[in-house]
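Listing of final34.cif, mmCIF, C-alpha atoms and all ligand atoms; chains and numbers go by the auth columns
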data_model
loop_
_atom_site.group_PDB
_atom_site.id
_atom_site.type_symbol
_atom_site.label_atom_id
_atom_site.label_comp_id
_atom_site.label_asym_id
_atom_site.label_seq_id
_atom_site.Cartn_x
_atom_site.Cartn_y
_atom_site.Cartn_z
_atom_site.B_iso_or_equiv
_atom_site.auth_seq_id
_atom_site.auth_asym_id
ATOM 1 C CA MET A 1 -69.204 145.956 115.182 0.00 83 A
ATOM 2 C CA ASN A 2 -70.558 149.493 115.756 0.00 84 A
ATOM 3 C CA ALA A 3 -73.899 150.375 117.270 0.00 85 A
ATOM 4 C CA GLU A 4 -75.425 151.380 113.998 0.00 86 A
ATOM 5 C CA THR A 5 -74.951 147.934 112.517 0.00 87 A
ATOM 6 C CA GLU A 6 -76.238 146.257 115.647 0.00 88 A
ATOM 7 C CA THR A 7 -79.473 148.253 115.725 0.00 89 A
ATOM 8 C CA GLY A 8 -79.895 147.501 112.050 0.00 90 A
ATOM 9 C CA VAL A 9 -79.561 143.785 112.659 0.00 91 A
ATOM 10 C CA CYS A 10 -81.633 143.556 115.858 0.00 92 A
ATOM 11 C CA PRO A 11 -85.155 143.669 114.408 0.00 93 A
ATOM 12 C CA LEU A 12 -84.211 141.006 111.914 0.00 94 A
ATOM 13 C CA THR A 13 -82.664 138.810 114.600 0.00 95 A
ATOM 14 C CA ARG A 14 -85.786 139.089 116.717 0.00 96 A
ATOM 15 C CA ARG A 15 -87.995 138.114 113.835 0.00 97 A
ATOM 16 C CA TRP A 16 -85.712 135.182 113.011 0.00 98 A
ATOM 17 C CA TYR A 17 -85.717 134.094 116.625 0.00 99 A
ATOM 18 C CA SER A 18 -89.493 133.711 116.600 0.00 100 A
ATOM 19 C CA GLN A 19 -89.184 131.619 113.479 0.00 101 A
ATOM 20 C CA GLY A 20 -86.074 129.882 114.720 0.00 102 A
ATOM 21 C CA LEU A 21 -87.506 126.417 115.054 0.00 103 A
ATOM 22 C CA THR A 22 -89.146 126.480 111.640 0.00 104 A
ATOM 23 C CA LEU A 23 -85.941 127.733 110.072 0.00 105 A
ATOM 24 C CA TYR A 24 -83.913 125.076 111.803 0.00 106 A
ATOM 25 C CA VAL A 25 -86.166 122.308 110.510 0.00 107 A
ATOM 26 C CA VAL A 26 -86.233 123.752 106.984 0.00 108 A
ATOM 27 C CA ALA A 27 -82.460 124.200 106.993 0.00 109 A
ATOM 28 C CA THR A 28 -81.901 120.619 108.129 0.00 110 A
ATOM 29 C CA ILE A 29 -84.127 119.279 105.363 0.00 111 A
ATOM 30 C CA ALA A 30 -82.463 121.525 102.774 0.00 112 A
ATOM 31 C CA LEU A 31 -79.013 120.399 103.880 0.00 113 A
ATOM 32 C CA THR A 32 -80.004 116.729 103.749 0.00 114 A
ATOM 33 C CA VAL A 33 -81.411 117.172 100.248 0.00 115 A
ATOM 34 C CA ALA A 34 -78.321 119.099 99.147 0.00 116 A
ATOM 35 C CA ILE A 35 -75.916 116.459 100.444 0.00 117 A
ATOM 36 C CA GLY A 36 -78.034 113.666 98.980 0.00 118 A
ATOM 37 C CA GLY A 37 -78.235 115.509 95.659 0.00 119 A
ATOM 38 C CA ALA A 38 -74.502 116.154 95.547 0.00 120 A
ATOM 39 C CA ALA A 39 -73.787 112.498 96.230 0.00 121 A
ATOM 40 C CA CYS A 40 -75.990 111.524 93.249 0.00 122 A
ATOM 41 C CA GLN A 41 -74.251 113.923 90.870 0.00 123 A
ATOM 42 C CA SER A 42 -71.497 111.633 89.714 0.00 124 A
ATOM 43 C CA LYS A 43 -71.730 112.756 86.065 0.00 125 A
ATOM 44 C CA PRO A 44 -69.086 115.348 85.194 0.00 126 A
ATOM 45 C CA ALA A 45 -71.512 116.863 82.670 0.00 127 A
ATOM 46 C CA ALA A 46 -73.507 118.298 85.553 0.00 128 A
ATOM 47 C CA THR A 47 -70.616 120.378 86.839 0.00 129 A
ATOM 48 C CA GLU A 48 -68.566 121.120 83.711 0.00 130 A
ATOM 49 C CA PRO A 49 -70.178 122.376 80.504 0.00 131 A
ATOM 50 C CA VAL A 50 -68.643 119.918 78.061 0.00 132 A
ATOM 51 C CA ALA A 51 -69.392 122.123 75.044 0.00 133 A
ATOM 52 C CA ASP A 52 -66.952 124.702 76.416 0.00 134 A
ATOM 53 C CA LEU A 53 -64.104 122.201 76.020 0.00 135 A
ATOM 54 C CA PHE A 54 -64.434 121.917 72.249 0.00 136 A
ATOM 55 C CA ARG A 55 -62.394 124.024 69.840 0.00 137 A
ATOM 56 C CA THR A 56 -64.126 124.426 66.496 0.00 138 A
ATOM 57 C CA THR A 57 -61.052 125.610 64.624 0.00 139 A
ATOM 58 C CA SER A 58 -61.898 123.864 61.337 0.00 140 A
ATOM 59 C CA SER A 59 -65.012 124.680 59.362 0.00 141 A
ATOM 60 C CA VAL A 60 -67.564 122.111 58.216 0.00 142 A
ATOM 61 C CA ARG A 61 -66.057 122.410 54.733 0.00 143 A
ATOM 62 C CA GLU A 62 -62.598 121.514 56.048 0.00 144 A
ATOM 63 C CA VAL A 63 -63.948 118.636 58.137 0.00 145 A
ATOM 64 C CA MET A 64 -65.637 117.346 54.971 0.00 146 A
ATOM 65 C CA GLN A 65 -62.487 117.722 52.874 0.00 147 A
ATOM 66 C CA ALA A 66 -60.033 116.385 55.427 0.00 148 A
ATOM 67 C CA ILE A 67 -61.943 113.738 57.332 0.00 149 A
ATOM 68 C CA VAL A 68 -65.414 112.831 56.054 0.00 150 A
ATOM 69 C CA ALA A 69 -64.713 112.589 52.318 0.00 151 A
ATOM 70 C CA PRO A 70 -61.327 110.792 52.431 0.00 152 A
ATOM 71 C CA SER A 71 -62.569 108.156 54.863 0.00 153 A
ATOM 72 C CA ALA A 72 -65.764 107.585 52.850 0.00 154 A
ATOM 73 C CA GLN A 73 -63.687 107.373 49.661 0.00 155 A
ATOM 74 C CA GLY A 74 -61.379 104.828 51.268 0.00 156 A
ATOM 75 C CA LEU A 75 -64.398 102.683 52.076 0.00 157 A
ATOM 76 C CA TRP A 76 -66.010 103.052 48.655 0.00 158 A
ATOM 77 C CA ASP A 77 -62.749 102.308 46.842 0.00 159 A
ATOM 78 C CA SER A 78 -62.193 99.103 48.792 0.00 160 A
ATOM 79 C CA VAL A 79 -65.016 97.197 47.118 0.00 161 A
ATOM 80 C CA GLY A 80 -66.709 96.984 43.732 0.00 162 A
ATOM 81 C CA ARG A 81 -66.018 95.832 40.241 0.00 163 A
ATOM 82 C CA ILE A 82 -63.688 97.543 37.801 0.00 164 A
ATOM 83 C CA SER A 83 -63.668 96.699 34.143 0.00 165 A
ATOM 84 C CA ASN A 84 -61.047 97.818 31.683 0.00 166 A
ATOM 85 C CA SER A 85 -59.339 96.542 28.543 0.00 167 A
ATOM 86 C CA LYS A 86 -57.553 93.899 30.590 0.00 168 A
ATOM 87 C CA GLY A 87 -60.759 92.443 31.933 0.00 169 A
ATOM 88 C CA THR A 88 -62.888 92.648 35.051 0.00 170 A
ATOM 89 C CA VAL A 89 -61.644 92.702 38.630 0.00 171 A
ATOM 90 C CA ASP A 90 -63.758 92.366 41.735 0.00 172 A
ATOM 91 C CA LEU A 91 -62.233 94.505 44.422 0.00 173 A
ATOM 92 C CA ALA A 92 -62.365 93.482 48.074 0.00 174 A
ATOM 93 C CA PRO A 93 -60.038 93.671 51.053 0.00 175 A
ATOM 94 C CA ARG A 94 -58.312 90.297 51.318 0.00 176 A
ATOM 95 C CA THR A 95 -55.405 90.327 53.731 0.00 177 A
ATOM 96 C CA ASP A 96 -55.668 91.236 57.411 0.00 178 A
ATOM 97 C CA ALA A 97 -53.704 94.384 56.658 0.00 179 A
ATOM 98 C CA GLU A 98 -56.218 95.384 53.970 0.00 180 A
ATOM 99 C CA TRP A 99 -59.143 94.794 56.314 0.00 181 A
ATOM 100 C CA ALA A 100 -57.354 96.807 59.012 0.00 182 A
ATOM 101 C CA ALA A 101 -56.894 99.657 56.549 0.00 183 A
ATOM 102 C CA VAL A 102 -60.597 99.852 55.661 0.00 184 A
ATOM 103 C CA ARG A 103 -61.459 99.539 59.331 0.00 185 A
ATOM 104 C CA ARG A 104 -59.454 102.699 60.026 0.00 186 A
ATOM 105 C CA HIS A 105 -61.563 104.508 57.439 0.00 187 A
ATOM 106 C CA ALA A 106 -64.781 103.291 59.061 0.00 188 A
ATOM 107 C CA VAL A 107 -63.701 104.441 62.516 0.00 189 A
ATOM 108 C CA THR A 108 -62.629 107.828 61.139 0.00 190 A
ATOM 109 C CA LEU A 109 -65.905 108.296 59.296 0.00 191 A
ATOM 110 C CA MET A 110 -67.994 107.211 62.268 0.00 192 A
ATOM 111 C CA GLU A 111 -66.281 109.584 64.659 0.00 193 A
ATOM 112 C CA SER A 112 -66.248 112.455 62.163 0.00 194 A
ATOM 113 C CA SER A 113 -70.007 112.639 62.647 0.00 195 A
ATOM 114 C CA ASN A 114 -69.412 113.768 66.233 0.00 196 A
ATOM 115 C CA LEU A 115 -67.418 116.740 64.951 0.00 197 A
ATOM 116 C CA LEU A 116 -70.515 117.870 63.091 0.00 198 A
ATOM 117 C CA LEU A 117 -72.496 117.849 66.326 0.00 199 A
ATOM 118 C CA ILE A 118 -70.377 120.532 67.956 0.00 200 A
ATOM 119 C CA ARG A 119 -72.282 123.771 67.997 0.00 201 A
ATOM 120 C CA GLY A 120 -70.767 126.983 66.696 0.00 202 A
ATOM 121 C CA ARG A 121 -68.585 125.452 63.983 0.00 203 A
ATOM 122 C CA HIS A 122 -68.548 127.719 60.941 0.00 204 A
ATOM 123 C CA VAL A 123 -69.504 126.233 57.583 0.00 205 A
ATOM 124 C CA ALA A 124 -66.537 127.639 55.668 0.00 206 A
ATOM 125 C CA PRO A 125 -63.349 129.512 56.496 0.00 207 A
ATOM 126 C CA GLU A 126 -63.707 133.285 56.905 0.00 208 A
ATOM 127 C CA GLY A 127 -64.258 134.994 53.561 0.00 209 A
ATOM 128 C CA ALA A 128 -64.730 131.775 51.573 0.00 210 A
ATOM 129 C CA THR A 129 -67.322 131.778 48.835 0.00 211 A
ATOM 130 C CA THR A 130 -69.973 129.344 47.675 0.00 212 A
ATOM 131 C CA LEU A 131 -68.758 125.899 46.797 0.00 213 A
ATOM 132 C CA LYS A 132 -69.807 124.418 43.455 0.00 214 A
ATOM 133 C CA ALA A 133 -71.106 120.864 43.501 0.00 215 A
ATOM 134 C CA ASP A 134 -71.054 118.568 40.468 0.00 216 A
ATOM 135 C CA ASP A 135 -74.476 117.138 41.136 0.00 217 A
ATOM 136 C CA ALA A 136 -76.332 120.330 42.092 0.00 218 A
ATOM 137 C CA ASP A 137 -78.907 122.160 39.995 0.00 219 A
ATOM 138 C CA PRO A 138 -76.901 124.932 38.333 0.00 220 A
ATOM 139 C CA GLY A 139 -76.579 127.743 40.832 0.00 221 A
ATOM 140 C CA ALA A 140 -78.451 125.976 43.620 0.00 222 A
ATOM 141 C CA GLU A 141 -75.479 126.059 46.021 0.00 223 A
ATOM 142 C CA LEU A 142 -76.042 128.314 49.006 0.00 224 A
ATOM 143 C CA GLN A 143 -73.608 130.816 50.461 0.00 225 A
ATOM 144 C CA PRO A 144 -71.762 129.553 53.564 0.00 226 A
ATOM 145 C CA ALA A 145 -73.519 132.219 55.664 0.00 227 A
ATOM 146 C CA GLU A 146 -76.903 130.991 54.457 0.00 228 A
ATOM 147 C CA ILE A 147 -75.977 127.339 55.111 0.00 229 A
ATOM 148 C CA GLU A 148 -74.944 128.352 58.600 0.00 230 A
ATOM 149 C CA ARG A 149 -78.220 130.195 59.167 0.00 231 A
ATOM 150 C CA ARG A 150 -80.149 127.098 58.072 0.00 232 A
ATOM 151 C CA ILE A 151 -78.105 124.804 60.289 0.00 233 A
ATOM 152 C CA ASN A 152 -78.796 126.975 63.321 0.00 234 A
ATOM 153 C CA ALA A 153 -82.462 127.312 62.437 0.00 235 A
ATOM 154 C CA ASN A 154 -82.855 123.560 61.855 0.00 236 A
ATOM 155 C CA TRP A 155 -80.431 122.183 64.403 0.00 237 A
ATOM 156 C CA PRO A 156 -82.441 118.991 65.158 0.00 238 A
ATOM 157 C CA ARG A 157 -82.523 118.149 61.447 0.00 239 A
ATOM 158 C CA TRP A 158 -78.789 118.747 61.127 0.00 240 A
ATOM 159 C CA THR A 159 -77.995 116.591 64.148 0.00 241 A
ATOM 160 C CA ALA A 160 -80.295 113.807 62.893 0.00 242 A
ATOM 161 C CA MET A 161 -78.335 113.753 59.650 0.00 243 A
ATOM 162 C CA ALA A 162 -75.006 113.672 61.455 0.00 244 A
ATOM 163 C CA VAL A 163 -76.286 110.833 63.622 0.00 245 A
ATOM 164 C CA ALA A 164 -77.394 109.014 60.438 0.00 246 A
ATOM 165 C CA LEU A 165 -73.820 109.371 59.191 0.00 247 A
ATOM 166 C CA HIS A 166 -72.643 107.767 62.410 0.00 248 A
ATOM 167 C CA GLY A 167 -75.140 104.948 61.862 0.00 249 A
ATOM 168 C CA ALA A 168 -73.886 104.327 58.327 0.00 250 A
ATOM 169 C CA GLY A 169 -70.300 104.245 59.573 0.00 251 A
ATOM 170 C CA THR A 170 -71.244 101.803 62.319 0.00 252 A
ATOM 171 C CA ALA A 171 -73.013 99.521 59.830 0.00 253 A
ATOM 172 C CA MET A 172 -69.901 99.518 57.652 0.00 254 A
ATOM 173 C CA LEU A 173 -67.678 98.788 60.624 0.00 255 A
ATOM 174 C CA GLN A 174 -69.777 95.714 61.398 0.00 256 A
ATOM 175 C CA THR A 175 -69.449 94.383 57.850 0.00 257 A
ATOM 176 C CA ILE A 176 -65.684 94.931 58.097 0.00 258 A
ATOM 177 C CA ASP A 177 -65.448 93.053 61.376 0.00 259 A
ATOM 178 C CA ALA A 178 -67.410 90.231 59.732 0.00 260 A
ATOM 179 C CA LYS A 179 -65.071 90.478 56.692 0.00 261 A
ATOM 180 C CA ASP A 180 -68.173 90.569 54.505 0.00 262 A
ATOM 181 C CA ALA A 181 -67.173 92.414 51.320 0.00 263 A
ATOM 182 C CA ALA A 182 -70.612 92.123 49.695 0.00 264 A
ATOM 183 C CA ALA A 183 -72.297 93.701 52.726 0.00 265 A
ATOM 184 C CA LEU A 184 -69.593 96.359 52.811 0.00 266 A
ATOM 185 C CA GLU A 185 -70.551 97.317 49.274 0.00 267 A
ATOM 186 C CA THR A 186 -74.277 97.458 50.066 0.00 268 A
ATOM 187 C CA THR A 187 -73.751 99.584 53.161 0.00 269 A
ATOM 188 C CA GLY A 188 -71.465 101.775 51.047 0.00 270 A
ATOM 189 C CA SER A 189 -74.335 102.650 48.701 0.00 271 A
ATOM 190 C CA GLU A 190 -76.488 103.501 51.705 0.00 272 A
ATOM 191 C CA LEU A 191 -73.753 105.801 52.950 0.00 273 A
ATOM 192 C CA ASP A 192 -73.806 107.643 49.637 0.00 274 A
ATOM 193 C CA GLY A 193 -77.506 108.421 50.134 0.00 275 A
ATOM 194 C CA ILE A 194 -76.830 109.816 53.599 0.00 276 A
ATOM 195 C CA CYS A 195 -74.159 112.228 52.318 0.00 277 A
ATOM 196 C CA GLU A 196 -76.465 113.357 49.541 0.00 278 A
ATOM 197 C CA ASN A 197 -79.460 113.862 51.865 0.00 279 A
ATOM 198 C CA CYS A 198 -77.579 116.336 53.987 0.00 280 A
ATOM 199 C CA HIS A 199 -76.071 118.130 51.010 0.00 281 A
ATOM 200 C CA LEU A 200 -79.520 118.479 49.434 0.00 282 A
ATOM 201 C CA ALA A 201 -80.989 119.787 52.655 0.00 283 A
ATOM 202 C CA PHE A 202 -78.292 122.297 53.565 0.00 284 A
ATOM 203 C CA TRP A 203 -75.841 122.881 50.738 0.00 285 A
ATOM 204 C CA TYR A 204 -77.723 122.767 47.403 0.00 286 A
ATOM 205 C CA PRO A 205 -81.441 122.396 47.969 0.00 287 A
ATOM 206 C CA PRO A 206 -83.240 121.719 44.681 0.00 288 A
ATOM 207 C CA LYS A 207 -84.742 124.841 43.163 0.00 289 A
ATOM 208 C CA PRO A 208 -88.535 124.932 43.458 0.00 290 A
ATOM 209 C CA ALA A 209 -90.284 123.975 40.192 0.00 291 A
ATOM 210 C CA ARG A 210 -91.549 126.922 38.209 0.00 292 A
HETATM 211 C C1 LIG B . -74.837 116.629 58.412 0.00 301 B
HETATM 212 C C2 LIG B . -74.719 117.096 57.066 0.00 301 B
HETATM 213 C C3 LIG B . -73.680 116.522 56.151 0.00 301 B
HETATM 214 C C4 LIG B . -73.393 115.192 55.948 0.00 301 B
HETATM 215 C C5 LIG B . -74.016 113.975 56.608 0.00 301 B
HETATM 216 C C6 LIG B . -72.369 115.164 54.935 0.00 301 B
HETATM 217 N N1 LIG B . -72.046 116.423 54.539 0.00 301 B
HETATM 218 FE FE1 LIG B . -70.610 116.915 53.206 0.00 301 B
HETATM 219 N N2 LIG B . -71.076 118.865 53.415 0.00 301 B
HETATM 220 C C7 LIG B . -72.055 119.380 54.236 0.00 301 B
HETATM 221 C C8 LIG B . -72.159 120.795 54.035 0.00 301 B
HETATM 222 C C9 LIG B . -73.099 121.730 54.729 0.00 301 B
HETATM 223 C C10 LIG B . -71.228 121.139 53.045 0.00 301 B
HETATM 224 C C11 LIG B . -71.009 122.488 52.367 0.00 301 B
HETATM 225 C C12 LIG B . -70.010 123.337 53.065 0.00 301 B
HETATM 226 C C13 LIG B . -69.517 124.466 52.205 0.00 301 B
HETATM 227 O O1 LIG B . -70.278 125.300 51.706 0.00 301 B
HETATM 228 O O2 LIG B . -68.339 124.487 52.040 0.00 301 B
HETATM 229 C C14 LIG B . -70.546 119.890 52.696 0.00 301 B
HETATM 230 C C15 LIG B . -69.514 119.807 51.779 0.00 301 B
HETATM 231 C C16 LIG B . -68.910 118.653 51.399 0.00 301 B
HETATM 232 C C17 LIG B . -67.826 118.574 50.460 0.00 301 B
HETATM 233 C C18 LIG B . -67.260 119.741 49.740 0.00 301 B
HETATM 234 C C19 LIG B . -65.824 119.871 49.776 0.00 301 B
HETATM 235 C C20 LIG B . -65.282 120.501 48.514 0.00 301 B
HETATM 236 O O3 LIG B . -64.203 121.042 48.601 0.00 301 B
HETATM 237 O O4 LIG B . -65.897 120.426 47.436 0.00 301 B
HETATM 238 C C21 LIG B . -67.511 117.251 50.298 0.00 301 B
HETATM 239 C C22 LIG B . -66.451 116.635 49.404 0.00 301 B
HETATM 240 C C23 LIG B . -68.399 116.514 51.162 0.00 301 B
HETATM 241 N N3 LIG B . -69.227 117.395 51.813 0.00 301 B
HETATM 242 C C24 LIG B . -68.408 115.141 51.242 0.00 301 B
HETATM 243 C C25 LIG B . -69.282 114.438 52.037 0.00 301 B
HETATM 244 C C26 LIG B . -69.360 112.995 52.050 0.00 301 B
HETATM 245 C C27 LIG B . -68.527 112.071 51.204 0.00 301 B
HETATM 246 C C28 LIG B . -70.314 112.670 52.960 0.00 301 B
HETATM 247 C C29 LIG B . -70.796 111.309 53.371 0.00 301 B
HETATM 248 C C30 LIG B . -69.825 110.314 53.626 0.00 301 B
HETATM 249 C C31 LIG B . -70.836 113.915 53.506 0.00 301 B
HETATM 250 N N4 LIG B . -70.191 114.960 52.908 0.00 301 B
HETATM 251 C C32 LIG B . -71.815 113.987 54.463 0.00 301 B
HETATM 252 C C33 LIG B . -72.828 118.670 55.111 0.00 301 B
HETATM 253 C C34 LIG B . -72.833 117.287 55.240 0.00 301 B
#
Go through the file and emit its structure as structure tokens.
Amino acid sequence: MNAETETGVCPLTRRWYSQGLTLYVVATIALTVAIGGAACQSKPAATEPVADLFRTTSSVREVMQAIVAPSAQGLWDSVGRISNSKGTVDLAPRTDAEWAAVRRHAVTLMESSNLLLIRGRHVAPEGATTLKADDADPGAELQPAEIERRINANWPRWTAMAVALHGAGTAMLQTIDAKDAAALETTGSELDGICENCHLAFWYPPKPAR
């Protein structure tokens, strides 16, 4: 290069020369550590931010309507007792095909919980208003924007509730694999409580007593 650059570099080079041995040793250690470290990093999560791969196109409301609620309903409807003018019938899956059908609901429900764990999903579609709930205190339902604020502010609580949903789905799946209709019904009531817990925490918290 030109003289100017060389004179600029010279003092530095001289200084580095005096520290050459130290640098060499440090560099060798750093390189060894780097190679060793790279060899240990077999998990893709370390190199690729997994969260960036998700597309949160549907809102929580739509995930509830399209995936969570229908699969839960399919499970609840598969067992129980119905009484009408013709008498009483105890419902339960009986054939392999019926058990396979409820199993599909359990898998869907279980995995739907993972959709709730993806950050940045909106609560409702753009411009949607508050959703009325049959079992809420009149007017207790929060605006989607407020629900979203609470989810972000209480993320560990939200995730714990989604994980609880996964747990309930897993418990139901086990009763299905054991073809145990009575246990399927019991775990179904527990599931109901898990839905309600989250709705009470984030969607329609009870109004404080006056
Ligand atoms: C982790 C929290 C969470 C869990 C668990 C949860 N929900 Fe929801 N759900 C919500 C939130 C938040 C809303 C309100 C969204 C809104 O304002 O639209 C909602 C809304 C709904 C809706 C409203 C849809 C409508 O059109 O009226 C239904 C139905 C629903 N949930 C069913 C269920 C069922 C069934 C379960 C359990 C099997 C369940 N949810 C579990 C958070 C949860």
Counting all atoms listed in the file, what are the residues of chain A within 6 Å of ligand LIG 301 (chain B), and for each of them which pair of atoms is the nearest and at what distance in Å, to one decimal? Sort the table by chain and rising number, as CSV.
residue,atom,partner,partner_atom,distance
A:Val142,CA,B:LIG301,C12,5.8
A:Arg143,CA,B:LIG301,O2,4.1
A:Met146,CA,B:LIG301,C23,4.8
A:Gln147,CA,B:LIG301,C19,5.0
A:Val150,CA,B:LIG301,C26,5.6
A:Ala151,CA,B:LIG301,C27,4.0
A:Ala154,CA,B:LIG301,C30,5.0
A:Val205,CA,B:LIG301,C12,5.4
A:Ala206,CA,B:LIG301,O2,5.1
A:Thr212,CA,B:LIG301,O1,5.7
A:Leu213,CA,B:LIG301,O1,5.2
A:Pro226,CA,B:LIG301,O1,4.9
A:Trp240,CA,B:LIG301,C1,5.2
A:Met243,CA,B:LIG301,C1,4.7
A:Ala244,CA,B:LIG301,C1,4.2
A:Leu247,CA,B:LIG301,C5,5.3
A:Ile276,CA,B:LIG301,C5,5.9
A:Cys277,CA,B:LIG301,C32,3.6
A:Cys280,CA,B:LIG301,C2,4.3
A:His281,CA,B:LIG301,C33,5.3
A:Phe284,CA,B:LIG301,C9,5.4
A:Trp285,CA,B:LIG301,C9,5.0
Distance in Å - atom CA of A:Leu199 versus atom CA of A:Leu157: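 According to the coordinates, atom CA of A:Leu199 and atom CA of A:Leu157 are separated by 22.3 Å.
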Top pick for closest residue to A:Pro207, considering A:Val171, A:Leu266, A:Val189, A:Val145 and counting all atoms listed in the file: A:Val145
Residues in the PyMOL selection byres (((chain A and resi 251) around 8) and not hetatm), expressed as a VMD selection string: chain A and resid 188 to 189 191 to 192 247 to 250 252 to 255 273
Nearest to A:Arg232 by atom-to-atom distance, counting only C-alpha atoms, from A:Gly156, A:Glu193, A:Ile164, A:His204: A:His204
A:Ser141, A:Pro131, A:Asn236, A:Lys168 ranked by distance to A:Gly209, top pick (using all atoms listed in the file):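 Answer, going by the shortest atom-to-atom distance: A:Ser141.
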Explicit residue set for the PyMOL selection byres (((chain A and resi 263-265) around 12) and not hetatm), as number ranges by chain: A: 157-163, 172-176, 180-181, 184, 253-262, 266-272
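Of note, atom CA of A:Thr241 and atom CA of A:Asn196 are spaced 9.3 Å apart.
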Just so the selection is clear, what residues does the PyMOL selection byres (((chain A and resi 217) around 12) and not hetatm) cover here, as a compact mmCIF listing (two decimals) with C-alpha atoms, in the coordinates of the input?
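Output saved as expr-v9.txt:
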# COMPACT_ATOMS: atom_id res chain seq x y z
CA LEU A 213 -68.76 125.90 46.80
CA LYS A 214 -69.81 124.42 43.46
CA ALA A 215 -71.11 120.86 43.50
CA ASP A 216 -71.05 118.57 40.47
CA ALA A 218 -76.33 120.33 42.09
CA ASP A 219 -78.91 122.16 39.99
CA PRO A 220 -76.90 124.93 38.33
CA GLY A 221 -76.58 127.74 40.83
CA ALA A 222 -78.45 125.98 43.62
CA GLU A 223 -75.48 126.06 46.02
CA GLU A 278 -76.46 113.36 49.54
CA HIS A 281 -76.07 118.13 51.01
CA LEU A 282 -79.52 118.48 49.43
CA TRP A 285 -75.84 122.88 50.74
CA TYR A 286 -77.72 122.77 47.40
CA PRO A 287 -81.44 122.40 47.97
CA PRO A 288 -83.24 121.72 44.68
Atomic distance atom CA of A:Leu224 - atom CA of A:Trp237, expressed in Å with one decimal: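 It comes out at 17.1 Å.
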Option closest in space to A:Val245, from A:His187, A:Ser194, A:Ala283, A:Ala291 [counting all atoms listed in the file]: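 Nearest to A:Val245: A:Ser194.
Of the listed residues (A:Gln155, A:Ala183, A:Ile200, A:Thr190), A:Ile200 comes nearest to A:Asp134; the distances count only C-alpha atoms.
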